[in-house]
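Following: one structure in C-alpha cells, then a few remarks.
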Amino acid sequence: MYEVSELKKGLKIEIDGQPCIVTDFQFSKPGKGQAIYRCKIKNLSTGTTFEKSYRSGDKVDKANLESRTFTFSYHNGDDFVFSDNDTFEEIHLTREQLGKNQYFIVEDMEVDILFHKDKALDISLPTFIEKVIAETEPGARGNTASSNVQKPARIDNGYELSVPLFINEGDLIRIDTRTGEYADRVSKA
Amino acid sequence: MTSIEKFEVRDALMQSIRAFFHSEGFIEVETPIRMKTPCMELHIDAEPSGDRWLRTSPELYHKKLLAQGARKIFEIGKCFRQGERGDRHHPEYTMLEWYRAGGDYNAMLKDVKSIVGRVTSPGVSKDWKIFTIAEIYERFAGWNPVENFDVDRFDFDMVEKIEPNLPKDAPVILMDYPAECCALARLKPNNPKVAERWELYLGGIEIANAYSELTDPVEQRARFEKWGEQRRALGKTVYPIDEEFIQCLESMPPSGGCALGIDRLLMALIGTNTLDDILPFRD
C-alpha cells in the first residue's frame, strides 16, 4: 500500500483491481482544510483516463505488476511470438496490442513486457532502432543540415514518418521507439 | 526569471506593502520563530526544532501584543508547515500578518483592497467579487454547507468544484464560513452558524485569510481541546495549549486580523501557477 503522500506522477497503482498510472498530481490544501491530493489517472488496461481525489490518511494499492524480458522469435499469422528469456514460455501479441511498436520489432530483439496478473499490458522496446529508408522524395539542394523542415518517408515495412530534407532513399536512420519519430542519420546511402 | 530578477519583483512588493502599513500608522514587529508550543489547528502540522516548534503563524504572539495594548501591528516573516509541498505550497514560506485593534473582518477587507490596489496594475482591483460561502456552494456545488455541514464534502468540493470555477479576472472574496470552519474567528453575533472569516483569491489562487478575532478564552480553550482530540484520533501530534495565550484573551480588545501569503501573491502578480517561478531556491 502507498500512503497518498507518496503519490507522484508516473506511479503505478491499482484501483478496483485495475492497473493504473498517475499521470498528473496536485497537492491542495484549501484554507484551514485537510490536504487533498488531486490525481489524473490512466487505466493501463483500457487506456481510459479519469480524475480522483484522495485525502491524507487514505491508502492506495500498489499495482501488482511484473516486468519480464522476452526475445522476439517469429510471426504466426498476424501475431508476434516472443519467448521468455528465462523460462522460454511463449507469448503471442497481436498487431493491435503492439500498436506502432509492431513496425519497430526486428528478429532477436529483446523487449520488456509488463504484466498485470499474467495479462500483458505494455511492451518496452530498445529506445532506438535502425531502419533503412525505403521511399522518400529527393530533398531540395541547400537544405543539407537543417532538420527544421521535414518531408514524409517510408521504411521497408510501410511505416511512415517525417524526416529532414537531406535524408535520401537507402539512408540508414535511427528511430526513437518511444515517440516513433526520426532521431538521426546513421549512414548515407 | 533569474534568482536576482525574482528578488527584484519581491523587493518592489515588500516596499509597497511596508509603505502602505506605515502610511496607516502600523508598526512592524518581529516575534519568535521558534515557539514553546505552536497554535493548535486540526490540519496544520508544525515542524519540530530542538525542544521547540517552528511557527506555523505569528498569530499567538500578535494577539499577546494586542492584549498588551498594541493597536496596529504587522509582521513579514517566514512560517513553516510540515508536509506541505506542491505547486502552491512550500514547507517554508513568507507570511504577512497584520492586526487592527478595534477592527473586524470588514476592516481587514478594506486593508487588503488597498494593498492589492497598490501592487496590481490599475483596473485589476476595481471590480471585486464578493460571495458568501453559502452562496458560492449553492451555485457551484449545489448544497449549503452553512445549513448542513459535511467536512469531507466541504473540502473536496472546495478543491474540485469551487476553486476551479472562481472568476480569475478579478479579486474574489469568499466570506462567512460555516461555524465548523471557524479556526480562530469569532462567530457572527446574530448568527452562530457563521464564522466571521474571509479568504481572498487572485487568479483562482488562495492568497489571504482574515477573521474578526475570537477573544473569548473559554471558547478558545474549547476549540483547542476539540482539535487536540481530533488530532489524537488522526494519529497527529497534540500540542500543549499555550496558557499564556488563553490568558491574554481576557484583555485582548475586539480585533481584526489577516494573514497573507507573500509567495502566493507574487504568483498572482506574475501570472504563474507554480511557486517554482517565485522561490529562488526551491528544491
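Residues in the C-alpha cells are named by chain (A, B, ... in the order shown) and by number from 1 within that chain; ligands are numbered from 1 in the order shown.
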Output the contact residues of chain B with respect to chain A at a cut-off of 10 Å, based on only C-alpha atoms, as a ChimeraX atom specification. /B:41-44,83-89,151-152,154-156,158-160,163,181-183,198-199,205-209,234-235
Taking only range 96-181 of chain A into account, list the residues labelled helix (DSSP H, G or I) by DSSP (computed from the backbone), as a list of chain:residue names. A:Glu96, A:Gln97, A:Leu98, A:Gly99, A:Lys100, A:Asn101, A:Gln102, A:Tyr103
Would you mind exporting the chosen residues as a PDB file, in the first residue's frame, restricted to N, CA and C atoms?
ATOM      1  N   GLU A  96      -2.710  -5.283 -32.890  1.00  0.00           N
ATOM      2  CA  GLU A  96      -3.492  -4.297 -32.152  1.00  0.00           C
ATOM      3  C   GLU A  96      -2.863  -4.024 -30.781  1.00  0.00           C
ATOM      4  N   GLN A  97      -2.427  -5.099 -30.114  1.00  0.00           N
ATOM      5  CA  GLN A  97      -1.791  -4.911 -28.804  1.00  0.00           C
ATOM      6  C   GLN A  97      -0.475  -4.156 -28.924  1.00  0.00           C
ATOM      7  N   LEU A  98       0.206  -4.341 -30.042  1.00  0.00           N
ATOM      8  CA  LEU A  98       1.534  -3.741 -30.198  1.00  0.00           C
ATOM      9  C   LEU A  98       1.472  -2.301 -30.663  1.00  0.00           C
ATOM     10  N   GLY A  99       0.366  -1.933 -31.320  1.00  0.00           N
ATOM     11  CA  GLY A  99       0.266  -0.563 -31.840  1.00  0.00           C
ATOM     12  C   GLY A  99       1.402  -0.294 -32.805  1.00  0.00           C
ATOM     13  N   LYS A 100       1.973   0.909 -32.718  1.00  0.00           N
ATOM     14  CA  LYS A 100       3.020   1.247 -33.689  1.00  0.00           C
ATOM     15  C   LYS A 100       4.324   0.503 -33.409  1.00  0.00           C
ATOM     16  N   ASN A 101       4.437  -0.085 -32.212  1.00  0.00           N
ATOM     17  CA  ASN A 101       5.637  -0.877 -31.919  1.00  0.00           C
ATOM     18  C   ASN A 101       5.832  -2.008 -32.924  1.00  0.00           C
ATOM     19  N   GLN A 102       4.719  -2.469 -33.540  1.00  0.00           N
ATOM     20  CA  GLN A 102       4.831  -3.584 -34.486  1.00  0.00           C
ATOM     21  C   GLN A 102       5.813  -3.275 -35.610  1.00  0.00           C
ATOM     22  N   TYR A 103       5.998  -1.999 -35.940  1.00  0.00           N
ATOM     23  CA  TYR A 103       6.882  -1.636 -37.042  1.00  0.00           C
ATOM     24  C   TYR A 103       8.350  -1.618 -36.631  1.00  0.00           C
TER      25      TYR A 103
END
Considering only C-alpha atoms, return as a ChimeraX atom specification whatever protein or nucleic-acid residues lie within 8 Å of range 134-140 of chain A, sequence-local ones (same chain, fewer than 6 positions apart) excluded. /A:151-156,165-170
Residue neighbourhood Lys226 in chain B, 12 Å, only C-alpha atoms, exclusion window fewer than 3 positions, as an MDAnalysis selection string: chainID B and resid 40:42 180 183 219:223 229:233 238 241
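You will find CA of Val186 in chain A at 11.4 Å from CA of Phe128 in chain A.
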Name the residues of range 95-224 of chain B that fall into strand (DSSP E or B) according to DSSP on the backbone, using the chain letters and numbers of this document, as JSON, numbers by chain. {"B": [95, 96, 97, 98, 99, 100, 101, 129, 130, 131, 132, 172, 173, 174, 175, 176, 177, 178, 185, 187, 188, 191, 192, 193, 194, 195, 196, 197, 198, 199, 200, 201, 202, 205, 206, 207, 208, 209, 210, 211, 212, 213]}
Could you take the residues named above and write them with C-alpha atoms, as a compact mmCIF listing (two decimals), in the first residue's frame?
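result.txt was written with the following content:
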# COMPACT_ATOMS: atom_id res chain seq x y z
CA MET B 95 3.70 35.34 5.56
CA LEU B 96 2.42 38.86 6.02
CA GLU B 97 0.28 39.10 9.13
CA TRP B 98 -1.46 42.20 10.47
CA TYR B 99 -3.93 43.12 13.20
CA ARG B 100 -6.11 46.11 13.95
CA ALA B 101 -7.35 46.50 17.50
CA LYS B 129 -16.37 39.90 -6.47
CA ILE B 130 -17.65 39.03 -3.02
CA PHE B 131 -19.55 35.81 -2.35
CA THR B 132 -20.71 34.20 0.85
CA VAL B 172 -12.60 37.25 -5.25
CA ILE B 173 -13.59 37.20 -1.59
CA LEU B 174 -15.30 34.15 -0.09
CA MET B 175 -16.79 35.10 3.25
CA ASP B 176 -18.88 33.91 6.18
CA TYR B 177 -17.59 30.39 6.62
CA PRO B 178 -19.59 27.66 8.35
CA ALA B 185 -12.54 33.55 14.11
CA LEU B 187 -18.98 33.53 15.28
CA LYS B 188 -21.36 36.15 13.95
CA ASN B 191 -25.90 34.11 13.53
CA PRO B 192 -23.77 31.49 15.31
CA LYS B 193 -23.89 29.18 12.27
CA VAL B 194 -21.44 31.51 10.52
CA ALA B 195 -17.85 32.46 11.39
CA GLU B 196 -16.62 35.97 10.58
CA ARG B 197 -13.88 34.86 8.28
CA TRP B 198 -12.99 35.59 4.65
CA GLU B 199 -10.47 34.32 2.13
CA LEU B 200 -9.05 36.27 -0.80
CA TYR B 201 -8.44 34.62 -4.18
CA LEU B 202 -6.48 36.19 -7.03
CA ILE B 205 -5.21 31.17 -6.05
CA GLU B 206 -5.98 31.46 -2.34
CA ILE B 207 -3.94 34.42 -1.09
CA ALA B 208 -5.16 35.61 2.30
CA ASN B 209 -7.33 34.62 5.25
CA ALA B 210 -8.91 37.08 7.70
CA TYR B 211 -11.02 36.96 10.85
CA SER B 212 -12.89 39.00 13.29
CA GLU B 213 -10.73 37.51 16.01
Distance query Glu250 in chain B at most 10 Å, only C-alpha atoms, self and fewer than 4 positions along chain excluded, as a list in words: Ala67, Thr215, Asp216, Pro217, Val218, Phe245 and Ile246 of chain B
Residue selection dump (N, CA and C atoms) as a compact mmCIF listing (two decimals), in the first residue's frame:
# COMPACT_ATOMS: atom_id res chain seq x y z
N ALA B 67 -3.10 42.31 23.44
CA ALA B 67 -3.54 42.29 24.84
C ALA B 67 -2.72 43.26 25.68
N THR B 215 -12.12 36.40 20.87
CA THR B 215 -11.46 36.94 22.07
C THR B 215 -12.03 36.31 23.34
N ASP B 216 -12.78 35.23 23.16
CA ASP B 216 -13.40 34.56 24.31
C ASP B 216 -12.50 33.40 24.76
N PRO B 217 -11.85 33.53 25.93
CA PRO B 217 -10.90 32.50 26.35
C PRO B 217 -11.55 31.13 26.57
N VAL B 218 -12.79 31.11 27.01
CA VAL B 218 -13.46 29.83 27.27
C VAL B 218 -13.71 29.10 25.95
N PHE B 245 -1.35 32.40 26.21
CA PHE B 245 -2.20 32.92 25.12
C PHE B 245 -3.67 32.94 25.56
N ILE B 246 -4.13 31.84 26.15
CA ILE B 246 -5.53 31.79 26.60
C ILE B 246 -5.80 32.94 27.58
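CA of Ile278 in chain B to CA of Arg10 in chain B spans 8.7 Å [interatomic distance, one decimal].
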Would you list the contacts of Ile173 in chain A as a ChimeraX atom specification, taking every protein, DNA or RNA residue within 9 Å and counting only C-alpha atoms, but skipping same-chain residues closer than 4 positions in sequence? /A:129-133,167,182-188
Excluding range 265-270 of chain B and any residue of its chain fewer than 3 positions from it, enumerate the residues within 12 Å of it, using only C-alpha atoms, and give them as an NGL selection string. :B and (1 or 5-14 or 17 or 87-89 or 93-96 or 112 or 115-121 or 124-125 or 168-171 or 200-208 or 259-262 or 273-279)
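Closest to Glu3 in chain A among A:Val22, A:Leu161, A:Val60, A:Ile41 is A:Val60, based on only C-alpha atoms.
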Would you compute the distance between CA of Thr71 in chain A and CA of Lys117 in chain A? Give it in Å to one decimal. 20.5 Å
